Amino acid sequence: MMNKILLFCFLVLIIFMGITLHAYGEEIDPATMNSINRVIILPLQNYSKISVYPGSVLLRTQLFNSFFSYLLYIPGMDIPEKNFLLKLNSKDASLIMDKEKPNYLIYGNYMVYGNPMNPKIKITIQALEGNSGETYSNTYYSFTDMEIFDSIDKINQDISSFLLKEKTYIAHLNFRDFKLGGMEYDLLINSKHIAFLTNDNFLFRLDIISGKTNHVELKRLLDSKKVMDKNIVLNPGKSANISYQEKIDYSFDFKGDFSLNGSVNNKVIGTSDYSLHNKEKSAHLMVYCDPESSFTLEPSKSERKALHFSGFCSNYIHLSLLLDHSEASNSSIIRLWFKKMAGNDVYGIFLNDKNSEEYFTSLPLGPSKEKWTKIEAVIRDFEFRTDFQRPEGLINNKIDLPLNEIQFFSDDAIISNTGKFDFYFDSIELIE
């Protein structure tokens with residue numbers, strides 16, 4: 001029953017499903033606007049005969065979402081929080097205007113009518129300017145199938161023309177094809193929050209005013225880095241796709257087949273060099289340890305391919321990845337996958353920067369024994385080492401890229417009380 005109304009409701013619901021919109025109190029960039037207008041949008045009254053058109057009830061929220069999400073991101077518009085507005089009603093428009101005193105009030109009604117198997121909809125939109133008393137009113141007709149989207153675009157165009165006192169046309173931004181690498185991001189347009197992105201499945205279509213500059217930002221939450229910062233201007237009716245793929249500055253994957261060549265001696269004094277080779281690249285590893293410590297460094301013999309590092313630490317032992325200066329020149333985050341079989345619940349990493357200065361961070365692991373664990377460390381949060389600096393280091397108390405070396409295993413933080421350690425390493429990545 002009412003298949004086309006339900007189809008319409010379903011399609012609109014998909015667009016807005018999972019998107020939480022927050023705008024009340026959000027900062028607006030003064031450079032993108034001339035003035036701020038407080039706009040209240042009221043849900044439309046339903047004049048349909050509900051016993052014949054029960055699906056019309058859903059249209060109240062869905063039509064509101066269509067208008068709200070368009071007007072929300074227009075620079076210079078201050079719109080109250082969505083949940084607050086949904087509690088209001090267009091039949092109380094005069095009372096709300098007197099109480100809230102917005103610059104503009106938008107309200108109206110709709111009615112579904114005609115053949116229940118192929119119904120039509122009549123939408124009446126009204127707008128009132130608080131200061132001058134100027135009004136706008138118009139009625140729009142369409143079927144409740146895909147045709148209704150054209151009517152919604154026309155309504156939005158007419159409302160924004162009334163608000164901005166100039167003829168406006170709609171263009172479209174399609175947010176899709178995000179490859180986030182498992183990290184979380186904040187997506188904004190015109191300094192207003194759209195959504196927190198937590199996975200690669202994010203899809204969102206946003207109507208914008210053509211010919212106007214729209215400022216799109218994507219901020220990574222872990223380190224607050226702005227990974228996208230662009231201005232977009234579109235012609236009427238045009239669309240643009242907005243996507244992002246995590247940028248990897250350097251990576252080495254231990255999961256595939258790789259060879260390990262170097263000194264394999266469980267009683268190594270000083271340093272030992274190892275070279276690794278997989279199908280794509282080579283890596284240079286270095287082990288530092290005292291004379292009484294012992295270790296084994298080898299490809300894993302388990303089902304899952306990995307680099308296996310185990311042994312006994314008497315005083316100190318470190319496993320380092322040496323980097324060429326052509327690598328890791330824009331790195332912001334270190335990502336490491338490992339499995340701990342023996343060791344403490346804190347993980348330590350040392351960095352040696354371009355000037356051979358030493359930095360350190362420690363990260364809690366929690367109950368991660370015998371589980372594959374991912375850690376992501378923000379490079380700028382590493383602390384200057386006061387216990388040790390290399391004689392050749394040029395000290396300026398500032399991490400300078402590219403990095404020379406990452407000691408991604410350090411006895412200072414992760415050796416168990418017995419001195420035993422046993423770790424498997426899956427991959428290491430440096431993220432821009």
# chains A, B, ... in the order shown; residues from 1 in each chain; ligands from 1
call {"tool": "select_by_dssp", "arguments": {"residues": "range 204-268 of chain A", "states": "strand (DSSP E)", "output": "MDAnalysis selection string"}}
result
chainID A and resid 204:209 214:220 226:232 239:245 248:253 259:262
call {"tool": "residues_around", "arguments": {"residues": "range 137-153 of chain A", "least_positions_apart": "5", "cutoff": "9 Å", "atoms": "only C-alpha atoms", "output": "ChimeraX atom specification"}}
result
/A:4-8,63,66-67,108,112,118-128,158,169-170,207
call {"tool": "write_last_selection", "arguments": {"atoms": "C-alpha atoms", "output": "CSV table (one decimal), in the first residue's frame"}}
result
chain,number,residue,atom,x,y,z
A,4,LYS,CA,5.6,5.1,-3.9
A,5,ILE,CA,5.2,7.1,-0.7
A,6,LEU,CA,7.1,4.4,1.2
A,7,LEU,CA,9.8,4.3,-1.5
A,8,PHE,CA,10.2,8.1,-1.2
A,63,LEU,CA,10.6,17.0,4.5
A,66,SER,CA,15.6,18.1,3.5
A,67,PHE,CA,15.1,21.8,4.3
A,108,GLY,CA,3.8,25.5,6.2
A,112,VAL,CA,-1.0,13.8,0.1
A,118,ASN,CA,0.4,6.6,-7.2
A,119,PRO,CA,-0.3,9.6,-4.9
A,120,LYS,CA,0.5,13.2,-5.4
A,121,ILE,CA,1.6,15.8,-2.8
A,122,LYS,CA,0.9,19.4,-2.3
A,123,ILE,CA,3.4,21.4,-0.3
A,124,THR,CA,2.7,25.0,0.9
A,125,ILE,CA,5.8,26.9,2.1
A,126,GLN,CA,5.6,30.2,4.0
A,127,ALA,CA,8.4,32.4,5.3
A,128,LEU,CA,8.3,35.5,7.4
A,158,ASP,CA,13.1,29.7,-3.4
A,169,TYR,CA,20.3,27.9,-7.6
A,170,ILE,CA,21.3,24.5,-6.2
A,207,ASP,CA,22.7,20.5,-1.5
call {"tool": "atom_distance", "arguments": {"atom1": "CA of Tyr110 in chain A", "atom2": "CA of Phe204 in chain A"}}
result
25.9 Å
call {"tool": "residues_around", "arguments": {"residues": "Gln45 in chain A", "least_positions_apart": "2", "cutoff": "9 Å", "atoms": "only C-alpha atoms", "output": "PyMOL selection string"}}
result
chain A and resi 42-43+47+60+89-91+107-111
call {"tool": "write_last_selection", "arguments": {"atoms": "C-alpha atoms", "output": "compact mmCIF listing (two decimals), in the first residue's frame"}}
result
# COMPACT_ATOMS: atom_id res chain seq x y z
CA LEU A 42 9.18 24.44 11.67
CA PRO A 43 8.06 20.94 10.68
CA TYR A 47 -3.21 17.88 6.14
CA ARG A 60 6.80 15.38 8.35
CA ASN A 89 4.70 22.83 15.05
CA SER A 90 3.79 25.07 12.13
CA LYS A 91 0.33 25.65 13.58
CA TYR A 107 6.70 27.00 8.17
CA GLY A 108 3.82 25.52 6.15
CA ASN A 109 1.88 22.35 5.45
CA TYR A 110 1.59 19.43 3.06
CA MET A 111 -1.15 17.11 1.87
call {"tool": "residues_around", "arguments": {"residues": "Arg176 in chain A", "least_positions_apart": "3", "cutoff": "8 Å", "atoms": "only C-alpha atoms", "output": "PyMOL selection string"}}
result
chain A and resi 201-204+241-243
call {"tool": "residues_around", "arguments": {"residues": "Phe254 in chain A", "least_positions_apart": "4", "cutoff": "12 Å", "atoms": "only C-alpha atoms", "output": "JSON list (two decimals) with N, CA and C atoms, in the first residue's frame"}}
result
[["chain", "number", "residue", "atom", "x", "y", "z"],
["A", 258, "PHE", "N", 58.98, -12.56, 3.43],
["A", 258, "PHE", "CA", 60.13, -11.66, 3.39],
["A", 258, "PHE", "C", 61.37, -12.43, 3.83],
["A", 259, "SER", "N", 62.51, -11.95, 3.40],
["A", 259, "SER", "CA", 63.78, -12.56, 3.80],
["A", 259, "SER", "C", 64.46, -11.66, 4.82],
["A", 260, "LEU", "N", 65.23, -12.27, 5.72],
["A", 260, "LEU", "CA", 65.91, -11.54, 6.78],
["A", 260, "LEU", "C", 67.38, -11.94, 6.74],
["A", 276, "LEU", "N", 65.80, -6.53, 5.50],
["A", 276, "LEU", "CA", 64.59, -7.28, 5.18],
["A", 276, "LEU", "C", 64.18, -6.95, 3.76],
["A", 277, "HIS", "N", 63.65, -7.94, 3.08],
["A", 277, "HIS", "CA", 63.20, -7.74, 1.71],
["A", 277, "HIS", "C", 61.86, -8.45, 1.53],
["A", 278, "ASN", "N", 60.84, -7.70, 1.12],
["A", 278, "ASN", "CA", 59.61, -8.34, 0.70],
["A", 278, "ASN", "C", 59.41, -8.06, -0.78],
["A", 279, "LYS", "N", 58.23, -8.31, -1.31],
["A", 279, "LYS", "CA", 58.02, -8.17, -2.75],
["A", 279, "LYS", "C", 58.12, -6.73, -3.22],
["A", 280, "GLU", "N", 57.91, -5.78, -2.32],
["A", 280, "GLU", "CA", 57.82, -4.38, -2.73],
["A", 280, "GLU", "C", 59.04, -3.55, -2.39],
["A", 281, "LYS", "N", 59.68, -3.80, -1.25],
["A", 281, "LYS", "CA", 60.76, -2.92, -0.82],
["A", 281, "LYS", "C", 61.67, -3.63, 0.17],
["A", 282, "SER", "N", 62.70, -2.90, 0.58],
["A", 282, "SER", "CA", 63.63, -3.39, 1.59],
["A", 282, "SER", "C", 63.52, -2.51, 2.83],
["A", 283, "ALA", "N", 63.96, -3.06, 3.94],
["A", 283, "ALA", "CA", 64.01, -2.31, 5.18],
["A", 283, "ALA", "C", 65.31, -2.62, 5.90],
["A", 298, "GLU", "N", 63.59, -13.24, 13.73],
["A", 298, "GLU", "CA", 63.36, -14.19, 12.64],
["A", 298, "GLU", "C", 61.95, -14.03, 12.08],
["A", 299, "PRO", "N", 61.73, -14.50, 10.86],
["A", 299, "PRO", "CA", 60.35, -14.57, 10.35],
["A", 299, "PRO", "C", 59.55, -15.54, 11.20],
["A", 300, "SER", "N", 58.30, -15.21, 11.42],
["A", 300, "SER", "CA", 57.42, -16.04, 12.24],
["A", 300, "SER", "C", 57.21, -17.40, 11.61],
["A", 304, "ARG", "N", 50.21, -16.95, 10.76],
["A", 304, "ARG", "CA", 50.20, -15.57, 10.30],
["A", 304, "ARG", "C", 51.63, -15.08, 10.17],
["A", 305, "LYS", "N", 51.99, -14.60, 8.99],
["A", 305, "LYS", "CA", 53.33, -14.12, 8.74],
["A", 305, "LYS", "C", 53.59, -12.87, 9.59],
["A", 306, "ALA", "N", 54.77, -12.80, 10.19],
["A", 306, "ALA", "CA", 55.11, -11.67, 11.04],
["A", 306, "ALA", "C", 56.61, -11.71, 11.30],
["A", 307, "LEU", "N", 57.12, -10.64, 11.90],
["A", 307, "LEU", "CA", 58.49, -10.58, 12.36],
["A", 307, "LEU", "C", 58.49, -10.94, 13.84],
["A", 308, "HIS", "N", 59.25, -11.95, 14.22],
["A", 308, "HIS", "CA", 59.26, -12.45, 15.59],
["A", 308, "HIS", "C", 60.53, -11.98, 16.28],
["A", 336, "LEU", "N", 51.52, 0.98, 14.37],
["A", 336, "LEU", "CA", 52.23, -0.28, 14.53],
["A", 336, "LEU", "C", 51.26, -1.37, 14.95],
["A", 337, "TRP", "N", 51.36, -2.51, 14.27],
["A", 337, "TRP", "CA", 50.56, -3.68, 14.63],
["A", 337, "TRP", "C", 51.50, -4.72, 15.22],
["A", 338, "PHE", "N", 51.14, -5.26, 16.40],
["A", 338, "PHE", "CA", 51.98, -6.27, 17.02],
["A", 338, "PHE", "C", 51.14, -7.18, 17.92],
["A", 424, "TYR", "N", 55.50, -10.28, 18.29],
["A", 424, "TYR", "CA", 55.34, -10.46, 16.85],
["A", 424, "TYR", "C", 54.93, -9.11, 16.25],
["A", 425, "PHE", "N", 55.57, -8.73, 15.14],
["A", 425, "PHE", "CA", 55.26, -7.47, 14.48],
["A", 425, "PHE", "C", 54.68, -7.74, 13.10],
["A", 426, "ASP", "N", 53.55, -7.11, 12.85],
["A", 426, "ASP", "CA", 52.80, -7.33, 11.61],
["A", 426, "ASP", "C", 53.16, -6.30, 10.55],
["A", 427, "SER", "N", 53.12, -5.02, 10.92],
["A", 427, "SER", "CA", 53.46, -3.95, 9.98],
["A", 427, "SER", "C", 53.75, -2.67, 10.74],
["A", 428, "ILE", "N", 54.46, -1.77, 10.09],
["A", 428, "ILE", "CA", 54.71, -0.43, 10.62],
["A", 428, "ILE", "C", 54.44, 0.56, 9.52],
["A", 429, "GLU", "N", 53.73, 1.63, 9.87],
["A", 429, "GLU", "CA", 53.36, 2.65, 8.89],
["A", 429, "GLU", "C", 53.59, 4.04, 9.48]]
call {"tool": "residues_around", "arguments": {"residues": "Asn231 in chain A", "least_positions_apart": "2", "cutoff": "12 Å", "atoms": "only C-alpha atoms", "output": "PyMOL selection string"}}
result
chain A and resi 32+188-191+211-217+228-229+233-234+240+242
